[in-house]
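Content type compact mmCIF, C-alpha atoms and all ligand atoms, from the file protein-v8.txt:
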# COMPACT_ATOMS: atom_id res chain seq x y z
CA MET M 1 13.72 -29.79 90.49
CA PRO M 2 14.67 -32.86 92.52
CA GLU M 3 13.90 -36.20 90.92
CA HIS M 4 10.77 -37.89 92.37
CA TYR M 5 10.61 -41.66 92.92
CA ASP M 6 7.91 -43.91 94.28
CA SER M 7 10.53 -45.75 96.32
CA ILE M 8 14.21 -45.46 97.07
CA VAL M 9 15.88 -48.60 98.35
CA ILE M 10 19.08 -48.06 100.33
CA GLY M 11 21.61 -50.88 100.11
CA ALA M 12 22.41 -53.01 97.06
CA GLY M 13 22.97 -56.36 98.72
CA ILE M 14 20.69 -59.25 97.81
CA ALA M 15 17.88 -57.85 100.02
CA GLY M 16 17.95 -54.37 98.45
CA CYS M 17 18.39 -55.69 94.90
CA CYS M 18 15.41 -58.06 95.25
CA THR M 19 13.26 -55.36 96.87
CA ALA M 20 13.99 -52.78 94.17
CA TYR M 21 13.31 -55.41 91.51
CA ALA M 22 9.99 -56.47 93.09
CA LEU M 23 8.79 -52.88 93.51
CA GLN M 24 9.66 -52.06 89.93
CA LYS M 25 7.88 -55.18 88.67
CA LYS M 26 4.80 -53.90 90.43
CA GLY M 27 4.96 -50.67 88.45
CA GLN M 28 6.89 -48.34 90.75
CA LYS M 29 9.58 -45.86 89.74
CA VAL M 30 12.47 -47.04 91.88
CA LEU M 31 15.98 -45.88 92.69
CA LEU M 32 18.46 -48.24 94.35
CA VAL M 33 21.46 -46.63 96.04
CA ASP M 34 24.57 -47.99 97.68
CA ARG M 35 27.65 -46.37 99.04
CA SER M 36 29.68 -48.69 96.87
CA ALA M 37 29.74 -48.46 93.09
CA VAL M 38 28.83 -52.10 92.70
CA ALA M 39 26.18 -54.42 94.02
CA ALA M 40 27.02 -56.89 96.75
CA SER M 41 29.89 -55.00 98.36
CA GLY M 42 28.57 -55.98 101.82
CA GLY M 43 27.76 -59.42 103.19
CA SER M 44 26.15 -60.44 99.92
CA GLY M 45 29.42 -60.37 97.99
CA ALA M 46 31.11 -62.62 100.53
CA ALA M 47 28.31 -65.15 100.67
CA GLY M 48 28.78 -68.69 99.50
CA ALA M 49 25.17 -68.10 98.46
CA PHE M 50 23.98 -71.67 98.89
CA VAL M 51 20.24 -71.94 98.45
CA SER M 52 19.01 -74.98 100.33
CA PRO M 53 16.22 -76.07 102.68
CA LYS M 54 16.54 -76.04 106.46
CA ILE M 55 16.37 -79.31 108.35
CA GLY M 56 15.05 -79.78 111.87
CA LYS M 57 12.02 -80.70 113.90
CA GLY M 58 9.52 -78.49 112.11
CA SER M 59 10.10 -75.22 113.97
CA PRO M 60 8.30 -72.10 112.66
CA LEU M 61 11.67 -70.82 111.39
CA GLN M 62 12.22 -74.06 109.47
CA THR M 63 8.76 -73.79 107.89
CA LEU M 64 9.37 -70.19 106.83
CA THR M 65 12.87 -70.94 105.54
CA ASN M 66 11.56 -73.77 103.42
CA GLU M 67 8.75 -71.62 102.04
CA ALA M 68 11.42 -69.08 101.10
CA PHE M 69 13.65 -71.80 99.65
CA HIS M 70 10.97 -72.89 97.19
CA PHE M 71 10.19 -69.33 96.20
CA SER M 72 13.82 -68.30 95.76
CA LYS M 73 14.98 -71.27 93.69
CA ASP M 74 12.01 -70.78 91.36
CA PHE M 75 12.72 -67.03 91.22
CA TYR M 76 16.38 -67.54 90.30
CA LEU M 77 15.64 -70.32 87.81
CA GLU M 78 12.97 -68.28 86.08
CA HIS M 79 14.62 -64.85 85.98
CA PHE M 80 18.38 -65.31 86.50
CA PRO M 81 19.24 -68.90 85.56
CA ASP M 82 22.80 -68.01 84.49
CA TYR M 83 23.79 -67.30 88.07
CA PHE M 84 22.01 -70.10 89.92
CA HIS M 85 23.53 -73.57 89.63
CA GLN M 86 21.18 -76.31 90.69
CA THR M 87 23.95 -78.59 91.88
CA GLY M 88 21.93 -80.31 94.57
CA LEU M 89 23.12 -80.09 98.17
CA ILE M 90 24.05 -82.89 100.53
CA ARG M 91 23.29 -82.15 104.15
CA ILE M 92 25.84 -84.17 106.14
CA PRO M 93 25.45 -84.74 109.91
CA LYS M 94 28.16 -83.06 111.99
CA ASP M 95 28.95 -86.29 113.86
CA GLU M 96 27.44 -89.60 114.95
CA GLU M 97 25.21 -87.94 117.52
CA ASP M 98 23.87 -85.54 114.90
CA ALA M 99 23.35 -88.47 112.52
CA GLN M 100 20.84 -89.97 114.94
CA LYS M 101 18.84 -86.76 114.86
CA PHE M 102 18.46 -86.99 111.09
CA GLU M 103 15.89 -89.76 111.54
CA ILE M 104 13.88 -87.44 113.76
CA TYR M 105 14.26 -84.64 111.20
CA GLU M 106 13.17 -86.79 108.26
CA PRO M 107 9.38 -86.36 108.61
CA PHE M 108 9.90 -82.59 108.61
CA ASN M 109 11.73 -82.47 105.27
CA GLU M 110 9.33 -80.37 103.24
CA SER M 111 11.44 -80.40 100.07
CA LYS M 112 12.24 -83.32 97.81
CA TYR M 113 15.01 -85.37 99.38
CA ARG M 114 16.61 -88.76 99.40
CA TRP M 115 18.97 -90.53 101.75
CA VAL M 116 22.54 -90.99 100.59
CA GLU M 117 24.45 -93.59 102.50
CA LYS M 118 27.88 -92.96 103.90
CA ASP M 119 29.42 -95.58 101.59
CA ALA M 120 27.84 -94.06 98.50
CA LEU M 121 29.20 -90.68 99.51
CA GLU M 122 32.66 -92.12 99.91
CA LYS M 123 32.48 -93.53 96.39
CA THR M 124 31.79 -90.01 95.08
CA GLY M 125 34.78 -88.65 97.02
CA ILE M 126 33.05 -87.29 100.12
CA TYR M 127 34.76 -88.65 103.25
CA ASN M 128 34.18 -88.72 107.01
CA SER M 129 30.46 -88.42 106.61
CA GLU M 130 27.37 -90.23 107.90
CA ASP M 131 24.17 -91.14 106.08
CA SER M 132 22.95 -87.82 104.74
CA PHE M 133 20.06 -86.04 103.04
CA MET M 134 20.40 -85.05 99.42
CA PHE M 135 18.27 -82.11 98.29
CA GLU M 136 18.38 -82.23 94.49
CA GLU M 137 16.59 -78.91 93.99
CA ALA M 138 19.09 -76.95 96.07
CA GLY M 139 21.97 -75.07 94.54
CA VAL M 140 24.35 -72.21 94.72
CA CYS M 141 24.31 -68.66 93.34
CA ASP M 142 27.23 -66.70 91.97
CA ALA M 143 26.66 -64.11 94.69
CA PRO M 144 27.94 -60.83 93.23
CA GLU M 145 26.95 -61.74 89.67
CA MET M 146 23.41 -62.52 90.83
CA CYS M 147 23.13 -59.15 92.62
CA GLU M 148 24.60 -57.36 89.60
CA ALA M 149 22.16 -59.08 87.24
CA ILE M 150 19.21 -58.01 89.39
CA LEU M 151 20.69 -54.51 89.72
CA GLU M 152 20.94 -54.17 85.95
CA LYS M 153 17.16 -54.09 85.79
CA VAL M 154 16.76 -51.07 88.09
CA GLU M 155 18.06 -47.50 88.23
CA PHE M 156 21.13 -47.33 90.46
CA GLN M 157 23.32 -44.59 91.92
CA GLN M 158 26.42 -44.88 94.03
CA MET M 159 25.62 -42.71 97.03
CA ASN M 160 26.13 -42.78 100.73
CA VAL M 161 22.87 -41.89 102.44
CA GLY M 162 23.64 -39.71 105.41
CA SER M 163 20.25 -38.33 106.32
CA LEU M 164 16.58 -38.61 105.47
CA GLU M 165 13.83 -36.10 106.12
CA TRP M 166 10.07 -36.54 105.81
CA ASP M 167 8.30 -33.32 104.69
CA GLY M 168 4.77 -34.62 105.18
CA GLU M 169 4.49 -35.83 101.61
CA PHE M 170 7.91 -37.07 100.51
CA TRP M 171 11.17 -38.28 101.91
CA ASN M 172 13.97 -35.89 101.01
CA ILE M 173 17.23 -37.65 100.77
CA ALA M 174 20.54 -35.93 100.81
CA LEU M 175 22.71 -38.07 98.58
CA ARG M 176 26.38 -37.59 99.22
CA GLN M 177 29.10 -38.69 96.92
CA ALA M 178 30.74 -41.72 98.45
CA GLN M 179 34.41 -42.41 98.06
CA GLY M 180 34.62 -45.95 99.19
CA PRO M 181 35.79 -49.11 97.57
CA SER M 182 34.38 -49.03 94.08
CA VAL M 183 34.98 -52.71 93.55
CA ARG M 184 34.71 -55.63 95.91
CA GLN M 185 38.04 -55.98 97.55
CA ALA M 186 39.44 -59.30 98.49
CA GLN M 187 42.00 -59.77 101.24
CA GLU M 188 41.76 -56.20 102.45
CA PRO M 189 39.77 -54.58 105.22
CA VAL M 190 36.75 -52.71 103.95
CA ALA M 191 37.93 -49.13 103.64
CA GLU M 192 36.06 -46.45 105.55
CA VAL M 193 33.71 -44.66 103.23
CA LEU M 194 34.78 -41.04 102.96
CA VAL M 195 31.86 -38.69 102.53
CA THR M 196 32.39 -35.66 100.35
CA GLU M 197 30.04 -32.83 99.58
CA LEU M 198 26.32 -33.04 99.07
CA VAL M 199 25.61 -33.58 95.40
CA GLU M 200 21.91 -34.06 95.11
CA VAL M 201 18.61 -34.15 96.95
CA VAL M 202 16.09 -36.67 95.68
CA LYS M 203 12.52 -37.24 96.76
CA ALA M 204 10.64 -40.47 97.27
CA LYS M 205 7.28 -41.47 98.63
CA ASN M 206 8.76 -44.54 100.32
CA ILE M 207 12.12 -45.55 101.68
CA VAL M 208 13.24 -49.14 102.15
CA LEU M 209 16.28 -49.71 104.37
CA SER M 210 18.32 -52.70 103.26
CA THR M 211 21.55 -51.64 104.82
CA GLY M 212 22.61 -54.96 106.31
CA TYR M 213 24.32 -54.86 109.68
CA GLN M 214 24.68 -51.07 109.63
CA ASN M 215 21.48 -49.47 110.88
CA LYS M 216 22.34 -46.04 112.11
CA LEU M 217 19.82 -43.97 110.14
CA PHE M 218 16.96 -44.53 112.63
CA ASP M 219 16.48 -45.92 116.13
CA MET M 220 15.72 -49.54 115.34
CA ARG M 221 17.31 -51.14 118.41
CA TYR M 222 14.20 -53.24 119.01
CA MET M 223 14.98 -55.32 115.93
CA GLY M 224 18.29 -56.36 117.48
CA VAL M 225 20.17 -56.42 114.18
CA LYS M 226 23.67 -57.75 114.72
CA GLY M 227 26.49 -58.72 112.44
CA THR M 228 28.13 -62.11 112.25
CA TRP M 229 31.40 -62.24 110.43
CA GLY M 230 32.42 -64.89 107.98
CA SER M 231 34.73 -65.70 105.16
CA ARG M 232 34.81 -67.60 101.93
CA GLY M 233 37.58 -68.85 99.70
CA ASP M 234 37.30 -69.64 96.02
CA TYR M 235 39.70 -72.38 94.98
CA ILE M 236 40.78 -73.41 91.51
CA SER M 237 40.49 -77.19 91.24
CA ALA M 238 39.93 -79.98 88.74
CA LEU M 239 38.21 -82.12 91.38
CA ASP M 240 35.09 -83.71 89.94
CA LEU M 241 32.72 -82.54 92.65
CA LYS M 242 29.20 -82.72 91.30
CA PHE M 243 27.25 -81.73 94.41
CA SER M 244 27.42 -78.96 96.96
CA MET M 245 27.51 -80.01 100.58
CA HIS M 246 27.03 -78.62 104.05
CA LYS M 247 28.45 -80.07 107.23
CA SER M 248 29.62 -77.41 109.73
CA LEU M 249 30.84 -75.45 106.73
CA SER M 250 29.72 -75.28 103.12
CA VAL M 251 31.64 -76.64 100.15
CA SER M 252 30.25 -76.04 96.68
CA ALA M 253 30.18 -78.33 93.68
CA ASN M 254 32.89 -77.58 91.17
CA VAL M 255 31.35 -74.91 88.94
CA ASN M 256 33.55 -73.82 86.04
CA GLY M 257 36.72 -75.02 87.77
CA ILE M 258 36.00 -73.25 91.07
CA VAL M 259 35.07 -74.78 94.43
CA LYS M 260 33.82 -72.38 97.12
CA ILE M 261 34.42 -73.01 100.81
CA GLY M 262 32.75 -70.75 103.36
CA ALA M 263 31.12 -70.25 106.74
CA THR M 264 29.97 -67.44 109.03
CA HIS M 265 30.71 -67.79 112.68
CA VAL M 266 32.18 -64.77 114.48
CA LYS M 267 29.82 -62.30 116.17
CA GLY M 268 31.19 -58.80 115.90
CA GLU M 269 30.52 -55.10 115.62
CA GLU M 270 33.27 -54.30 113.19
CA PRO M 271 33.52 -55.54 109.66
CA CYS M 272 36.27 -57.67 108.31
CA MET M 273 39.01 -57.16 110.81
CA ARG M 274 40.97 -60.15 109.54
CA CYS M 275 40.73 -60.30 105.81
CA ASP M 276 44.19 -61.70 105.24
CA GLY M 277 42.91 -65.17 104.41
CA GLU M 278 44.06 -66.42 107.84
CA PRO M 279 40.58 -67.47 109.04
CA LEU M 280 40.19 -69.57 105.92
CA LYS M 281 42.94 -71.91 107.06
CA GLU M 282 40.65 -73.52 109.64
CA LEU M 283 37.84 -73.85 107.10
CA PHE M 284 40.24 -75.35 104.59
CA THR M 285 41.40 -77.95 107.11
CA LYS M 286 37.79 -78.94 107.77
CA ALA M 287 37.04 -79.07 104.05
CA SER M 288 40.12 -81.25 103.51
CA ALA M 289 38.61 -83.86 105.83
CA LEU M 290 35.54 -83.94 103.60
CA VAL M 291 36.94 -83.88 100.07
CA ASP M 292 40.30 -84.25 98.36
CA THR M 293 41.69 -80.71 98.35
CA SER M 294 45.20 -81.68 97.20
CA ASP M 295 44.99 -79.70 93.95
CA PHE M 296 43.12 -76.70 95.43
CA VAL M 297 44.76 -73.36 94.71
CA LEU M 298 43.32 -70.34 96.49
CA LYS M 299 42.14 -67.87 93.87
CA GLU M 300 40.38 -65.27 95.97
CA THR M 301 39.18 -64.66 99.52
CA PHE M 302 36.09 -62.76 100.58
CA CYS M 303 34.82 -61.69 103.96
CA GLY M 304 31.77 -59.91 105.21
CA MET M 305 29.13 -59.43 107.82
CA ARG M 306 25.71 -60.96 107.63
CA ALA M 307 22.94 -59.24 109.56
CA GLY M 308 20.66 -61.28 111.79
CA SER M 309 17.65 -60.20 113.82
CA LYS M 310 17.03 -60.84 117.51
CA ASP M 311 14.87 -63.93 116.88
CA TYR M 312 16.59 -65.08 113.65
CA PHE M 313 13.50 -64.40 111.54
CA PRO M 314 13.92 -61.88 108.70
CA LEU M 315 12.67 -58.31 109.06
CA ALA M 316 10.30 -57.03 106.39
CA GLY M 317 7.78 -54.31 107.10
CA ARG M 318 7.28 -50.88 108.58
CA VAL M 319 9.55 -49.19 111.12
CA ILE M 320 8.14 -48.11 114.50
CA ASP M 321 8.66 -44.50 115.63
CA VAL M 322 10.69 -45.45 118.70
CA PRO M 323 11.39 -41.95 120.12
CA PHE M 324 7.66 -41.09 119.88
CA MET M 325 6.50 -44.34 121.46
CA LEU M 326 8.94 -44.11 124.38
CA SER M 327 8.18 -40.48 125.19
CA GLU M 328 4.41 -40.81 124.71
CA TYR M 329 4.01 -44.12 126.55
CA PRO M 330 6.56 -44.48 129.35
CA ALA M 331 4.47 -47.37 130.69
CA LEU M 332 5.72 -49.46 127.77
CA THR M 333 8.63 -50.49 129.95
CA ARG M 334 6.12 -51.91 132.47
CA GLY M 335 4.17 -53.94 129.93
CA ALA M 336 1.69 -51.42 128.47
CA LYS M 337 0.48 -52.29 124.98
CA PRO M 338 -0.57 -49.08 123.25
CA GLU M 339 -1.28 -48.90 119.54
CA LEU M 340 1.98 -48.78 117.62
CA LYS M 341 2.91 -45.67 115.67
CA HIS M 342 5.10 -46.21 112.63
CA ILE M 343 7.30 -43.75 110.84
CA ASP M 344 5.45 -42.64 107.71
CA ASN M 345 6.40 -44.56 104.58
CA LEU M 346 9.55 -46.08 106.04
CA TYR M 347 10.20 -49.78 105.55
CA ILE M 348 12.93 -52.30 106.23
CA CYS M 349 14.05 -55.46 104.46
CA ASN M 350 16.91 -56.92 106.46
CA GLY M 351 17.91 -59.51 109.06
CA MET M 352 18.31 -62.38 106.62
CA GLY M 353 20.99 -64.04 108.77
CA GLY M 354 22.97 -66.79 107.10
CA ARG M 355 20.31 -67.26 104.42
CA GLY M 356 20.05 -63.98 102.54
CA PHE M 357 19.95 -65.68 99.17
CA VAL M 358 17.19 -67.97 100.41
CA PHE M 359 15.03 -65.32 102.09
CA ALA M 360 15.51 -62.16 100.01
CA PRO M 361 13.32 -62.94 96.97
CA LEU M 362 10.28 -63.87 99.09
CA MET M 363 10.75 -61.10 101.67
CA ALA M 364 11.11 -58.59 98.84
CA GLU M 365 7.94 -59.87 97.20
CA TRP M 366 5.94 -59.67 100.43
CA LEU M 367 7.27 -56.23 101.26
CA ALA M 368 6.65 -54.87 97.76
CA GLU M 369 3.12 -56.26 97.85
CA SER M 370 2.47 -54.55 101.17
CA ILE M 371 3.87 -51.23 99.93
CA VAL M 372 2.12 -51.20 96.57
CA ASN M 373 -1.16 -52.91 97.45
CA GLN M 374 -1.30 -52.18 101.19
CA THR M 375 -1.58 -55.86 102.06
CA GLU M 376 -0.76 -56.88 105.59
CA ILE M 377 2.76 -58.18 105.97
CA ASP M 378 3.18 -61.73 107.28
CA LYS M 379 3.36 -61.55 111.07
CA ARG M 380 6.36 -63.87 111.20
CA VAL M 381 8.56 -61.30 109.50
CA ASN M 382 6.90 -58.05 110.58
CA PRO M 383 9.45 -56.30 112.84
CA ASP M 384 6.57 -55.15 115.12
CA ARG M 385 6.77 -58.59 116.75
CA LEU M 386 9.93 -57.53 118.60
CA PHE M 387 8.94 -54.12 119.93
CA LEU M 388 6.93 -54.68 123.11
CA LYS M 389 9.31 -57.30 124.46
CA TRP M 390 12.24 -54.99 123.80
CA CYS M 391 10.49 -52.14 125.67
CA ARG M 392 9.95 -54.33 128.72
CA LYS M 393 13.67 -54.94 128.92
CA LEU M 394 14.62 -51.26 128.87
C1 LIG M 401 30.98 -65.72 104.42
C2 LIG M 401 29.51 -65.68 104.26
C3 LIG M 401 28.85 -66.81 103.76
C4 LIG M 401 27.46 -66.76 103.57
N1 LIG M 401 26.85 -67.84 103.02
C5 LIG M 401 25.54 -67.77 102.69
C6 LIG M 401 24.90 -68.83 101.99
O1 LIG M 401 25.53 -69.83 101.68
N2 LIG M 401 23.60 -68.71 101.67
C7 LIG M 401 22.88 -67.58 101.98
O2 LIG M 401 21.68 -67.50 101.63
N3 LIG M 401 23.44 -66.57 102.68
C8 LIG M 401 24.75 -66.65 103.04
N4 LIG M 401 25.34 -65.62 103.74
C9 LIG M 401 24.48 -64.58 104.28
C10 LIG M 401 24.17 -63.53 103.26
O3 LIG M 401 25.36 -63.06 102.74
C11 LIG M 401 23.40 -62.38 103.92
O4 LIG M 401 22.22 -62.87 104.48
C12 LIG M 401 23.07 -61.34 102.87
O5 LIG M 401 24.25 -60.88 102.30
C13 LIG M 401 22.32 -60.19 103.46
O6 LIG M 401 22.14 -59.27 102.42
P1 LIG M 401 21.69 -57.79 102.71
O7 LIG M 401 21.31 -57.22 101.40
O8 LIG M 401 20.70 -57.77 103.81
O9 LIG M 401 23.01 -57.06 103.30
P2 LIG M 401 24.38 -56.64 102.62
O10 LIG M 401 24.76 -57.56 101.53
O11 LIG M 401 25.36 -56.45 103.72
O12 LIG M 401 24.06 -55.24 101.93
C14 LIG M 401 23.91 -54.03 102.64
C15 LIG M 401 24.33 -52.91 101.71
O13 LIG M 401 23.94 -51.66 102.27
C16 LIG M 401 24.91 -50.70 101.93
N5 LIG M 401 24.76 -49.57 102.87
C17 LIG M 401 24.75 -49.62 104.24
N6 LIG M 401 24.52 -48.38 104.74
C18 LIG M 401 24.40 -47.54 103.68
C19 LIG M 401 24.15 -46.14 103.55
N7 LIG M 401 23.97 -45.34 104.61
N8 LIG M 401 24.10 -45.58 102.29
C20 LIG M 401 24.26 -46.38 101.19
N9 LIG M 401 24.48 -47.69 101.26
C21 LIG M 401 24.54 -48.29 102.48
C22 LIG M 401 26.23 -51.45 102.08
O14 LIG M 401 27.24 -50.84 101.30
C23 LIG M 401 25.86 -52.83 101.53
O15 LIG M 401 26.14 -52.97 100.15
C24 LIG M 401 26.71 -65.62 103.95
C25 LIG M 401 27.37 -64.50 104.46
C26 LIG M 401 28.75 -64.52 104.61
C27 LIG M 401 29.41 -63.29 105.15
Turn the structure described in the file into structure tokens.
Ligand SMILES: Cc1cc2nc3c(=O)[nH]c(=O)nc-3n(C[C@H](O)[C@H](O)[C@H](O)COP(=O)(O)OP(=O)(O)OC[C@H]3O[C@@H](n4cnc5c(N)ncnc54)[C@H](O)[C@@H]3O)c2cc1C
Amino acid sequence: MPEHYDSIVIGAGIAGCCTAYALQKKGQKVLLVDRSAVAASGGSGAAGAFVSPKIGKGSPLQTLTNEAFHFSKDFYLEHFPDYFHQTGLIRIPKDEEDAQKFEIYEPFNESKYRWVEKDALEKTGIYNSEDSFMFEEAGVCDAPEMCEAILEKVEFQQMNVGSLEWDGEFWNIALRQAQGPSVRQAQEPVAEVLVTELVEVVKAKNIVLSTGYQNKLFDMRYMGVKGTWGSRGDYISALDLKFSMHKSLSVSANVNGIVKIGATHVKGEEPCMRCDGEPLKELFTKASALVDTSDFVLKETFCGMRAGSKDYFPLAGRVIDVPFMLSEYPALTRGAKPELKHIDNLYICNGMGGRGFVFAPLMAEWLAESIVNQTEIDKRVNPDRLFLKWCRKL
């Protein structure tokens, strides 16, 4: 007899780990699967995993990000404090022009902050800066360790999900043994996952797709999920760097003798084409203008793709039955607005962009609440928002 679950979550990055955790907390029997043997083998393992507020002129995305920031820092501090370091984060203007905007941004700072003057920064060893905002409550996660700690609380199997079939009552999932990288691999391209024979079929009432930038299981083009590539280097250093900082790149505080430098910047379809540490050189040069990197020794490099949605808001909610909608309502392309039909019991938690560690705990909570208690998902993150506009562009 196949095993029956309430929900199977596909993808053990920060989004999938948080979703599985939230569903289980609400009483569900949950299975989390990933094609890799460990959590955070995708973008989540590469992340600098800074958890900080967003600054700006009060845009809806800023408001949502800051709501998520408060939720996530409390979530990590309460449940996984060993892997969240509340170092504080200094948000440094990119240049003089940007510095002038900070005064405009100030009234929209929804989190606790204080100004730190350029001179004071210089005294703490942070150079070439302008007057900046310090967010004391911000911090940085140990990305893979955080995902692993969350994963420890839920049932997990290493499996590559190749196909899913709804039988009217349950999703039947053909789990195939994956032979991919079983550990996170630094400095090497992510190996193609080789699929071997079918080993098991499992059943679940609900499926949650948290597969990051790879979304080939269903037609979800309307969500516009795209990958942006980035890299991170972990450097051994004795530099007394008490705070994390973000300018055009992120540099962490020194936590246990390690300083992390990272950024995501290259749009691309393919993962990790240049994992030889080469792209880090540019980041390192920029970091060297900020802090004294003279004793930095590169310990490890990471690279990965982060998945962003078309409008940069996260995606948490049900998945529309695109083939049905397009064949049933051809007038969609001319602006018709029929009632949307969703695929039964299929959900997504994805599109976290450059802030997966900020968004995932709150998105997971909202999604789990909507699955378990049938509450309406917040419109700002419901993927439905993108469908009609996408149809008109077909
Ligand atoms: C260099 C870098 C720096 C970053 N810095 C930060 C930061 O400072 N702060 C922050 O909050 N965010 C940061 N991010 C962004 C953050 O990493 C992402 O938002 C986050 O990783 C998204 O997590 P995810 O779970 O959606 O996707 P992923 O972590 O990519 O996880 C997707 C998982 O799905 C699995 N999968 C896919 N298809 C299948 C399948 N068919 N069967 C089984 N498994 C499957 C993959 O193996 C993978 O493990 C950074 C990203 C990068 C790359």
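The nearest approach to ligand LIG 401 (chain M) among the residues M:Phe218, M:Phe313, M:Phe359, M:Phe135, with all atoms listed in the file taken into account, belongs to M:Phe359.
Take the candidates M:Val372, M:Ala49, M:Met305, M:Leu315 and check each one against M:Arg385 using all atoms listed in the file; the shortest distance goes to M:Leu315.
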Go through chain M and flag each residue having an atom no more than 6 Å from ligand LIG 401 (chain M); for those, report the closest pair of atoms plus their distance in Å to one decimal, using all atoms listed in the file, ordered by chain and rising number, as CSV.
residue,atom,partner,partner_atom,distance
M:Ile10,CA,M:LIG401,N9,5.5
M:Gly11,CA,M:LIG401,O13,3.3
M:Ala12,CA,M:LIG401,O15,4.8
M:Gly13,CA,M:LIG401,O7,3.3
M:Ile14,CA,M:LIG401,O7,4.2
M:Ala15,CA,M:LIG401,O7,3.8
M:Gly16,CA,M:LIG401,O7,5.3
M:Val33,CA,M:LIG401,C20,5.9
M:Asp34,CA,M:LIG401,N9,3.6
M:Arg35,CA,M:LIG401,C20,4.0
M:Ser36,CA,M:LIG401,O14,5.5
M:Ala40,CA,M:LIG401,O15,5.3
M:Ser41,CA,M:LIG401,O15,4.6
M:Gly42,CA,M:LIG401,O11,3.8
M:Gly43,CA,M:LIG401,O11,3.9
M:Ser44,CA,M:LIG401,O5,3.1
M:Ala46,CA,M:LIG401,C27,5.0
M:Ala47,CA,M:LIG401,C4,3.4
M:Gly48,CA,M:LIG401,O1,4.1
M:Ala49,CA,M:LIG401,C6,3.6
M:Phe50,CA,M:LIG401,O1,3.7
M:Val51,CA,M:LIG401,O2,5.6
M:Met159,CA,M:LIG401,C20,5.7
M:Asn160,CA,M:LIG401,N8,3.8
M:Val161,CA,M:LIG401,N8,3.9
M:Gly162,CA,M:LIG401,N7,5.7
M:Ser210,CA,M:LIG401,O8,5.6
M:Thr211,CA,M:LIG401,O13,3.5
M:Gly212,CA,M:LIG401,O9,3.7
M:Gln214,CA,M:LIG401,C17,5.6
M:Trp229,CA,M:LIG401,C27,5.7
M:Gly230,CA,M:LIG401,C1,3.9
M:Ser231,CA,M:LIG401,C1,3.8
M:Arg232,CA,M:LIG401,C1,4.9
M:Gly262,CA,M:LIG401,C1,5.4
M:Ala263,CA,M:LIG401,C3,5.1
M:Thr264,CA,M:LIG401,C1,5.0
M:Cys303,CA,M:LIG401,C1,5.6
M:Gly304,CA,M:LIG401,C27,4.1
M:Met305,CA,M:LIG401,C27,4.7
M:Arg306,CA,M:LIG401,C11,4.6
M:Asn350,CA,M:LIG401,O8,4.7
M:Met352,CA,M:LIG401,O4,4.5
M:Gly353,CA,M:LIG401,O4,4.6
M:Gly354,CA,M:LIG401,C9,3.9
M:Arg355,CA,M:LIG401,O2,3.1
M:Gly356,CA,M:LIG401,O4,3.1
M:Phe357,CA,M:LIG401,O2,3.5
M:Val358,CA,M:LIG401,O2,4.7
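Picture a line from atom CA of M:Glu300 to atom CA of M:Lys281; it runs 13.2 Å.
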Would you list the contacts of stretch 102-104 of chain M as a CSV table (one decimal) with C-alpha atoms, in the coordinates of the input, taking every protein, DNA or RNA residue within 9 Å and counting only C-alpha atoms, but skipping same-chain residues closer than 3 positions in sequence?
chain,number,residue,atom,x,y,z
M,55,ILE,CA,16.4,-79.3,108.4
M,56,GLY,CA,15.0,-79.8,111.9
M,57,LYS,CA,12.0,-80.7,113.9
M,93,PRO,CA,25.4,-84.7,109.9
M,98,ASP,CA,23.9,-85.5,114.9
M,99,ALA,CA,23.4,-88.5,112.5
M,107,PRO,CA,9.4,-86.4,108.6
M,108,PHE,CA,9.9,-82.6,108.6
M,131,ASP,CA,24.2,-91.1,106.1
M,132,SER,CA,23.0,-87.8,104.7
M,133,PHE,CA,20.1,-86.0,103.0
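Between atom CA of M:Val259 and atom CA of M:Ile126 there is a distance of 13.9 Å.
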Of M:Trp166, M:Phe302, M:Tyr222, M:Trp171, the one sitting nearest M:Leu386 when using only C-alpha atoms is M:Tyr222
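The spacing separating atom CA of M:Pro338 from atom CA of M:Cys391 amounts to 11.7 Å.
Closest to M:Met245 among M:Ser59, M:Asn66, M:Ser129, M:Asn382 is M:Ser129, based on all atoms listed in the file.
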